[in-house]
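All remarks here apply to the structure that follows.
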Amino acid sequence: MSAPAPALEELRQVCQPQAKLASRNGEHWAGRLYMRRVSLRLTRHLVRTPVTPDQLTWTMVWCGIASGAALLIPGLTGAVLAVVLMQLFLLFDCVDGEVARWKGQNSAAGIYVDRLGAYLADAALMIGIGFRAAGSGFDGWVSLGLATALGVVLLKASTDLVDVARARRGLAVADDEATRPRSEGVATARRLAAAFKLHRVTNGIEASLVLLAAAVVDVALGGLDATRWALVGIAAITWVMVPAHLLSILSSSRLR
């Protein structure tokens, strides 16, 4: 007879540490809002199985890549499937860490694949939007999707390279306080950007929802105009964010 499933509250104390959930950079807003409630119920059953955290992380990676590929399916079907797969990506992104904490199976390889999966998922979705906007052809829309994917990767890399730089200098991981810009002007600009939340569309989860809304408009009006405008908007925000994010990092205490 297999061991009974652990109580949810016991799991929560071990698998969902408050320090991580409270961190501005450590937890996606959708995780705090609803996915952590869902993930804990799945984790409760998975911890009783031989499944490993690394297997769950690879499942997350493939869900993210598949979300971008789903956009090759025209109409609402592809857009809805992309949203579903991106939500599964988020679910497994929560579950793999929870299972790892409960089983004590944290590994450097798992962290590496988890970060790689975040790069691949968001880039795949942006590339998928480009192909979707192009319709049956291969034109400038595909190039714009590729450019947007590059910008998204640069945004993620500029954040992760802070940890690389600090580790090479023998410094501890930067806390949330260190992310605050020393320049009052940069800090004000950052607060304004945060108030409008436009930067969130550079993330695959939010971008998939924007694209679904665009797909609904396209079905209602015919054509691909809404999808194309959505891509233009996401691309513009992404490439405004790239230098702005770099400036924010260099003007903060993260590299000191």
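Numbering starts fresh at 1 for the residues of each chain in the structure tokens, the chains themselves are lettered A, B, ... in the order given, and ligands are numbered from 1 as they appear.
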Residue neighbourhood Ala215 in chain A, 9 Å, only C-alpha atoms, exclusion window fewer than 4 positions, as number ranges by chain: A: 75-76, 79-80, 210-211, 219-220, 224, 226-227
Exercise for the section: Can you check which residues of range 12-209 of chain A DSSP gives as helix (DSSP H, G or I) on the backbone and send them as an MDAnalysis selection string? Expected result: chainID A and resid 12:15 18:22 29:46 53:70 75:103 108:134 140:168 176:179 184:196 198:202 204:209
Shortest contact to Ile237 in chain A, candidates A:His28, A:Arg37, A:Arg115, A:Arg200, atoms counted only C-alpha atoms, goes to A:Arg200
Residues within 9 Å of Asp114 in chain A, please, as a count of residues only. Count only C-alpha atoms; anything in the same chain fewer than 6 positions from it doesn't count. 7
Mind checking which residues fall within 12 Å of Gly117 in chain A, counting only C-alpha atoms, ignoring those fewer than 4 positions away in the same chain, and posting them as a compact mmCIF listing (two decimals) with N, CA, C and O atoms, in the first residue's frame?
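As written to disk, selection.txt reads:
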```
# COMPACT_ATOMS: atom_id res chain seq x y z
N ASP A 54 13.49 16.88 -12.58
CA ASP A 54 14.05 17.15 -13.91
C ASP A 54 13.09 16.73 -15.01
O ASP A 54 12.97 17.40 -16.04
N LEU A 56 9.86 16.77 -14.80
CA LEU A 56 8.82 17.79 -14.82
C LEU A 56 9.32 19.07 -15.48
O LEU A 56 8.57 19.74 -16.20
N THR A 57 10.59 19.40 -15.26
CA THR A 57 11.15 20.59 -15.89
C THR A 57 11.19 20.44 -17.41
O THR A 57 10.86 21.38 -18.15
N TRP A 58 11.59 19.26 -17.89
CA TRP A 58 11.60 19.04 -19.34
C TRP A 58 10.19 19.07 -19.91
O TRP A 58 9.97 19.54 -21.04
N THR A 59 9.20 18.60 -19.15
CA THR A 59 7.80 18.71 -19.59
C THR A 59 7.42 20.17 -19.74
O THR A 59 6.75 20.57 -20.71
N MET A 60 7.85 20.99 -18.79
CA MET A 60 7.61 22.44 -18.86
C MET A 60 8.21 23.03 -20.13
O MET A 60 7.56 23.81 -20.84
N VAL A 61 9.45 22.64 -20.43
CA VAL A 61 10.14 23.17 -21.60
C VAL A 61 9.36 22.84 -22.87
O VAL A 61 9.13 23.72 -23.72
N TRP A 62 8.93 21.59 -23.01
CA TRP A 62 8.23 21.19 -24.23
C TRP A 62 6.86 21.86 -24.34
O TRP A 62 6.42 22.18 -25.45
N CYS A 63 6.20 22.10 -23.22
CA CYS A 63 4.93 22.84 -23.26
C CYS A 63 5.15 24.25 -23.78
O CYS A 63 4.37 24.77 -24.58
N GLY A 64 6.23 24.89 -23.34
CA GLY A 64 6.52 26.25 -23.79
C GLY A 64 6.83 26.32 -25.27
O GLY A 64 6.32 27.20 -25.98
N ILE A 65 7.66 25.41 -25.75
CA ILE A 65 7.99 25.39 -27.18
C ILE A 65 6.75 25.07 -28.01
O ILE A 65 6.50 25.68 -29.06
N ALA A 66 5.95 24.11 -27.53
CA ALA A 66 4.73 23.74 -28.25
C ALA A 66 3.74 24.88 -28.32
O ALA A 66 2.95 24.99 -29.27
N MET A 86 0.76 27.45 -22.68
CA MET A 86 1.54 28.38 -21.87
C MET A 86 1.12 28.30 -20.40
O MET A 86 1.95 28.45 -19.49
N PHE A 89 2.81 25.33 -19.15
CA PHE A 89 4.20 25.71 -18.91
C PHE A 89 4.34 26.30 -17.51
O PHE A 89 5.24 25.93 -16.74
N LEU A 90 3.46 27.24 -17.17
CA LEU A 90 3.50 27.86 -15.85
C LEU A 90 3.23 26.85 -14.75
O LEU A 90 3.89 26.86 -13.70
N PHE A 92 3.81 23.54 -14.72
CA PHE A 92 4.96 22.67 -14.49
C PHE A 92 6.16 23.45 -13.97
O PHE A 92 7.02 22.89 -13.29
N ASP A 93 6.22 24.76 -14.27
CA ASP A 93 7.27 25.60 -13.72
C ASP A 93 7.12 25.70 -12.20
O ASP A 93 8.12 25.82 -11.48
N GLY A 110 18.92 21.03 -12.96
CA GLY A 110 17.50 21.39 -12.99
C GLY A 110 17.29 22.88 -13.09
O GLY A 110 16.42 23.35 -13.84
N ILE A 111 18.08 23.66 -12.35
CA ILE A 111 17.98 25.12 -12.42
C ILE A 111 18.34 25.61 -13.81
O ILE A 111 17.69 26.49 -14.38
N TYR A 112 19.39 25.01 -14.38
CA TYR A 112 19.84 25.41 -15.72
C TYR A 112 18.75 25.15 -16.76
O TYR A 112 18.44 26.04 -17.58
N VAL A 113 18.17 23.96 -16.75
CA VAL A 113 17.14 23.61 -17.73
C VAL A 113 15.90 24.47 -17.52
O VAL A 113 15.24 24.88 -18.48
N ALA A 121 10.68 29.11 -24.31
CA ALA A 121 9.23 29.27 -24.37
C ALA A 121 8.84 30.65 -24.87
O ALA A 121 8.03 30.79 -25.80
N ASP A 122 9.42 31.69 -24.28
CA ASP A 122 9.06 33.05 -24.68
C ASP A 122 9.52 33.34 -26.10
O ASP A 122 8.79 33.97 -26.88
N ALA A 123 10.71 32.88 -26.47
CA ALA A 123 11.20 33.09 -27.83
C ALA A 123 10.33 32.35 -28.84
O ALA A 123 9.99 32.89 -29.90
N ALA A 124 9.95 31.11 -28.52
CA ALA A 124 9.12 30.32 -29.43
C ALA A 124 7.77 30.99 -29.67
O ALA A 124 7.26 31.01 -30.79
N VAL A 153 14.92 37.48 -25.43
CA VAL A 153 16.07 36.72 -24.93
C VAL A 153 17.09 37.67 -24.30
O VAL A 153 17.67 37.38 -23.24
N LYS A 156 15.95 38.69 -20.79
CA LYS A 156 16.18 37.64 -19.80
C LYS A 156 17.66 37.46 -19.50
O LYS A 156 18.07 37.30 -18.35
N GLY A 204 5.89 35.38 -22.23
CA GLY A 204 5.04 34.52 -23.06
C GLY A 204 3.64 34.32 -22.52
O GLY A 204 2.68 34.19 -23.29
```
- Message: Just the number, please: distance in Å from CA of Leu144 in chain A to CA of Leu125 in chain A, one decimal.
- Response: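 Calculated distance between CA of Leu144 in chain A and CA of Leu125 in chain A is 12.5 Å.
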Counting only C-alpha atoms, figure out which residue out of A:Leu146, A:Ile205, A:Ala167, A:Leu212 gets nearest to Ala118 in chain A.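 Using only C-alpha atoms, Ala118 in chain A sits closest to A:Ile205.
Coordinates place CA of Ala82 in chain A at a distance of 6.5 Å from CA of Gly68 in chain A.
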Item to complete: Write out as a ChimeraX atom specification the residues lying within 12 Å of range 228-232 of chain A, counting only C-alpha atoms and excluding same-chain residues fewer than 4 positions away.
Response: /A:125-135,140-149,201-202,206-215,217-218,223-224,236-239
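Compared by their closest atoms to Val152 in chain A, and using only C-alpha atoms, the residues A:Leu71, A:Val38, A:Leu120, A:Leu33 rank with A:Leu120 nearest.
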Kindly indicate which residue among A:Ser67, A:Gly104, A:Leu255, A:Cys15 lies nearest to Arg168 in chain A, using only C-alpha atoms for the distances.
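Smallest distance to Arg168 in chain A is found for A:Leu255.
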| Got a sec: who's within 12 Å of Arg36 in chain A, counting only C-alpha atoms, leaving out chain neighbours fewer than 5 positions off, as a ChimeraX atom specification? | /A:8,11-12,15-18,20-21,27-31,41-43,87,90-98
